[in-house]
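Written below as structure tokens is the structure these notes are about.
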Amino acid sequence: MSLLVISPDFASHYNPLSVLAKAALQHGERVIVATGPNLRGRVEDSGFEWRLLPLGASSNSGIADVDPGITRFIAATKNGPIATLRQQALDREADLLWEPKRVAVDVAKLCDQIEPERVLVDHVAFGSTLAMYATGRPFITLVPGHPSQIPVGTERYGIPQAWPSAITPDFPALVELELLSDRVTRAFTVRWNSALASVAPERPMVDDAFRVHGGRVLYNSVRDAHDSSRDADLPADHRFVGPLVRDEDLPAEFTAWSRRSEDRPQVYVSLGTFLSHRSDVLVRIADALRHLGVRAAIAVGATPIDMLDPIPADWVVAPQLPQVALLASADLAVHHGGNNSVQESFATGVRQVVLPFSTDQFSNAADLERVELAHVLAPNEATVAELADSMDAALKSPPPRVMGRLDPDELVDALFAPPLSMPPRPRLAT
């Protein structure tokens, strides 16, 4: 059988998709990955076939250059969660659905050429979801982030379904944000339906384009951390397949750090690609780590390394680090609550201190706090002393159990097990 994986040209989105693709390849299936040029090397090195499929105007390999959108986003994070989510909603209103007709036609042609038995699509790549819906072919949706990225019940896309205790949004501001979210959802759905009508007029329009998904939904999440109050509203055919964590070898230059010291805990720090621009938060984290006397590995991203001076001799500090490999030797991970970091911490049994800034990071932090698997702090308000106290408390707590990955056979079953619902296949207009 064959599996077509449609991925945006972003490493953070490709990584969990690649775990599923690898399981299929090892099972003897043909795997084709359609994505942008930035990921071609990774795709081919993994043994997959690569097909060019641009899904957006930008790409990302792990370090984000400064552009006006990132500048607006970082400025908003300094004004708190509501300001950040508001800015993201406004950007979403303008930026989503890059060239939807072109993407839909390209995906349809690709499917006609390959005739894959299964197509796996990243939910957040909305253009590819539209394209698959337009073709009428069955497809599988992977939710790369928190499960609420596909809203259910009364949830709104882009607004947390729960907040951690350290962050209490102002109620009037939250109501205003909900109204903005409703406006953005309506505008996005109008654009989605307009594009659909231009390429597949026989397909029924949708009421909320953010909720469209394939016949099967896979969540890159651990069920044990999921809020069970959402269960009744989840898609009928869904599976929790997380943590989808890639295998990663430890480069030789990090071997010394990976050797645990009996009396000095080891702490891994990363705020992700875009939030690494929050140098002020990374500086406070570094100050807290020095106070605790731990050995640290810090991925600084866009922050200049010398801003963290003085750097102890046994620390590892670099723009990018092999996160999965280093987490295997860490006692604690300090991160922003991005889903990849959460799932990778689950898979390695690492304690977590979370500082959520944006998007689904608040929901991830709330889930972790509810099941007592993380200490959560508000990144703008947390002092060096508060950071040190939270890290110290986490390090003194029992390590969490490893929430292991599904074995390859279970992942293959999630991809290929019948039945998979198939909507009618209309002719695609060009």
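Lettering and numbering for the structure tokens are positional, with chains as A, B, ... in the shown order, residues counted from 1 in each chain, and ligands counted from 1 in the shown order.
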Taking the chain letters and numbering used in this document, name the residues of segment 81-150 of chain A that DSSP puts in strand (DSSP E), as an MDAnalysis selection string.
-> chainID A and resid 118:122 140:143
Go ahead and write the residues just picked, C-alpha atoms, as a PDB file, in the first residue's frame.
```
ATOM      1  CA  ARG A 118      -3.939   6.626   2.394  1.00  0.00           C
ATOM      2  CA  VAL A 119      -3.310  10.372   2.552  1.00  0.00           C
ATOM      3  CA  LEU A 120      -2.093  11.958   5.799  1.00  0.00           C
ATOM      4  CA  VAL A 121      -2.555  15.703   6.217  1.00  0.00           C
ATOM      5  CA  ASP A 122      -1.420  18.171   8.874  1.00  0.00           C
ATOM      6  CA  ILE A 140      -6.450  11.180   7.666  1.00  0.00           C
ATOM      7  CA  THR A 141      -5.859  14.298   9.728  1.00  0.00           C
ATOM      8  CA  LEU A 142      -2.972  14.602  12.154  1.00  0.00           C
ATOM      9  CA  VAL A 143      -3.457  17.257  14.830  1.00  0.00           C
TER      10      VAL A 143
END
```
Please report, as a ChimeraX atom specification, each residue of segment 14-197 of chain A to which DSSP assigns alpha helix (DSSP H) when run on this structure's backbone.
-> /A:14-26,40-45,68-77,81-95,100-114,126-135,171-197
Shell of 8 Å around segment 149-165 of chain A, only C-alpha atoms, local chain residues under 6 positions omitted, as a PyMOL selection string | chain A and resi 85+89+123-124+143+178+181-182+185+210-212+230+233-234+359-360+362-363+365-367+369+376
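Among the candidate residues A:Ala288, A:Arg239, A:Gly301, A:Asn339, the one lying nearest to Val384 of chain A is A:Ala288, with distances computed using only C-alpha atoms.
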Could you give me, as a list in words, the residues within 10 Å of Pro116 of chain A, counting only C-alpha atoms and dropping anything in the same chain fewer than 5 positions from it?
-> Met1, Ser2, Leu3, Leu4, Val5, Arg30, Val31, Ile32, Leu110, Cys111, Arg137 and Phe139 of chain A
Report as a tab-separated table (two decimals) with N, CA and C atoms, in the first residue's frame all protein, DNA and RNA residues lying within 7 Å of segment 264-275 of chain A, evaluated on only C-alpha atoms, omitting residues in the same chain fewer than 2 positions from it.
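Everything below was put into result20.tsv:
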```
chain	number	residue	atom	x	y	z
A	62	GLY	N	14.13	25.76	11.81
A	62	GLY	CA	14.46	25.75	13.23
A	62	GLY	C	14.96	27.08	13.76
A	63	ILE	N	15.42	27.97	12.91
A	63	ILE	CA	15.83	29.31	13.31
A	63	ILE	C	15.01	30.31	12.51
A	64	ALA	N	14.32	31.20	13.20
A	64	ALA	CA	13.43	32.13	12.52
A	64	ALA	C	14.13	33.47	12.31
A	261	SER	N	25.84	13.80	36.23
A	261	SER	CA	26.60	13.99	37.47
A	261	SER	C	25.72	13.59	38.64
A	262	GLU	N	26.30	12.87	39.61
A	262	GLU	CA	25.50	12.36	40.72
A	262	GLU	C	24.90	13.48	41.56
A	277	HIS	N	13.17	34.61	20.44
A	277	HIS	CA	13.39	36.06	20.38
A	277	HIS	C	13.12	36.74	21.72
A	278	ARG	N	12.49	36.03	22.64
A	278	ARG	CA	12.25	36.61	23.97
A	278	ARG	C	13.51	36.46	24.83
A	294	VAL	N	23.02	24.11	38.61
A	294	VAL	CA	22.81	22.92	37.80
A	294	VAL	C	23.67	22.98	36.54
A	295	ARG	N	23.71	21.86	35.81
A	295	ARG	CA	24.32	21.83	34.49
A	295	ARG	C	23.21	22.06	33.47
A	296	ALA	N	23.39	23.01	32.58
A	296	ALA	CA	22.32	23.39	31.67
A	296	ALA	C	22.72	23.18	30.22
A	297	ALA	N	21.71	22.87	29.40
A	297	ALA	CA	21.83	22.87	27.95
A	297	ALA	C	20.74	23.80	27.44
A	298	ILE	N	21.12	24.89	26.79
A	298	ILE	CA	20.16	25.92	26.40
A	298	ILE	C	20.22	26.14	24.90
A	299	ALA	N	19.09	25.95	24.22
A	299	ALA	CA	18.96	26.30	22.81
A	299	ALA	C	18.48	27.74	22.74
A	300	VAL	N	19.35	28.65	22.36
A	300	VAL	CA	19.02	30.08	22.43
A	300	VAL	C	18.31	30.58	21.19
A	301	GLY	N	18.34	29.83	20.08
A	301	GLY	CA	17.65	30.28	18.89
A	301	GLY	C	18.15	31.63	18.41
A	327	LEU	N	17.27	15.52	25.87
A	327	LEU	CA	16.26	15.27	26.89
A	327	LEU	C	16.44	13.91	27.55
A	330	ALA	N	18.43	14.56	30.54
A	330	ALA	CA	18.02	15.68	31.39
A	330	ALA	C	17.13	15.22	32.53
A	331	ASP	N	17.20	15.97	33.63
A	331	ASP	CA	16.30	15.75	34.76
A	331	ASP	C	15.08	16.66	34.68
A	332	LEU	N	15.21	17.76	33.96
A	332	LEU	CA	14.15	18.75	33.88
A	332	LEU	C	14.21	19.45	32.53
A	333	ALA	N	13.05	19.70	31.95
A	333	ALA	CA	12.95	20.50	30.73
A	333	ALA	C	12.19	21.79	31.07
A	334	VAL	N	12.75	22.90	30.66
A	334	VAL	CA	12.10	24.21	30.81
A	334	VAL	C	11.77	24.69	29.41
A	335	HIS	N	10.50	24.85	29.13
A	335	HIS	CA	10.10	25.18	27.76
A	335	HIS	C	8.82	25.99	27.74
A	336	HIS	N	8.36	26.28	26.53
A	336	HIS	CA	7.25	27.20	26.30
A	336	HIS	C	5.89	26.51	26.20
```
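Minimum distance to Asp224 of chain A across A:Gly242, A:Pro37, A:Pro408, A:Gly337 (counting only C-alpha atoms) occurs at A:Gly242.
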Per residue of segment 383-426 of chain A within 9 Å of segment 344-354 of chain A, note the shortest atom pair and the distance in Å to one decimal, counting only C-alpha atoms, and order the rows by chain and increasing residue number, as JSON lines.
```
{"residue": "A:Leu387", "atom": "CA", "partner": "A:Val353", "partner_atom": "CA", "distance": 8.8}
{"residue": "A:Ser390", "atom": "CA", "partner": "A:Val353", "partner_atom": "CA", "distance": 7.2}
{"residue": "A:Met391", "atom": "CA", "partner": "A:Val353", "partner_atom": "CA", "distance": 6.6}
{"residue": "A:Ala394", "atom": "CA", "partner": "A:Arg351", "partner_atom": "CA", "distance": 6.5}
{"residue": "A:Leu395", "atom": "CA", "partner": "A:Arg351", "partner_atom": "CA", "distance": 7.2}
{"residue": "A:Ser397", "atom": "CA", "partner": "A:Arg351", "partner_atom": "CA", "distance": 8.3}
{"residue": "A:Pro398", "atom": "CA", "partner": "A:Arg351", "partner_atom": "CA", "distance": 8.5}
{"residue": "A:Pro399", "atom": "CA", "partner": "A:Arg351", "partner_atom": "CA", "distance": 6.0}
{"residue": "A:Pro400", "atom": "CA", "partner": "A:Gly349", "partner_atom": "CA", "distance": 5.5}
{"residue": "A:Arg401", "atom": "CA", "partner": "A:Gly349", "partner_atom": "CA", "distance": 5.5}
{"residue": "A:Val402", "atom": "CA", "partner": "A:Gly349", "partner_atom": "CA", "distance": 4.2}
{"residue": "A:Met403", "atom": "CA", "partner": "A:Phe346", "partner_atom": "CA", "distance": 5.2}
{"residue": "A:Gly404", "atom": "CA", "partner": "A:Ala347", "partner_atom": "CA", "distance": 5.2}
{"residue": "A:Arg405", "atom": "CA", "partner": "A:Ala347", "partner_atom": "CA", "distance": 6.6}
```
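Considering only C-alpha atoms, the residue among A:Ala187, A:Leu292, A:Leu326, A:Ala34 positioned nearest to Ala256 of chain A is A:Leu326.
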Atom CA of Pro172 of chain A to atom CA of Gly145 of chain A, distance in Å rounded to a single decimal = 27.3 Å
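Closest to Leu406 of chain A among A:Phe254, A:Phe188, A:Phe240, A:Phe357 is A:Phe240, based on only C-alpha atoms.
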Residues within 8 Å of Leu177 of chain A, only C-alpha atoms, excluding chain neighbours under 3 positions, as an MDAnalysis selection string | chainID A and resid 82 85:86 173:174 180:181
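Between atom CA of Thr168 of chain A and atom CA of Leu282 of chain A the separation is 22.7 Å.
Nearest to Ala252 of chain A of all the residues A:Ala57, A:Ala325, A:Leu355, A:Ala382 is A:Ala325, counting only C-alpha atoms.
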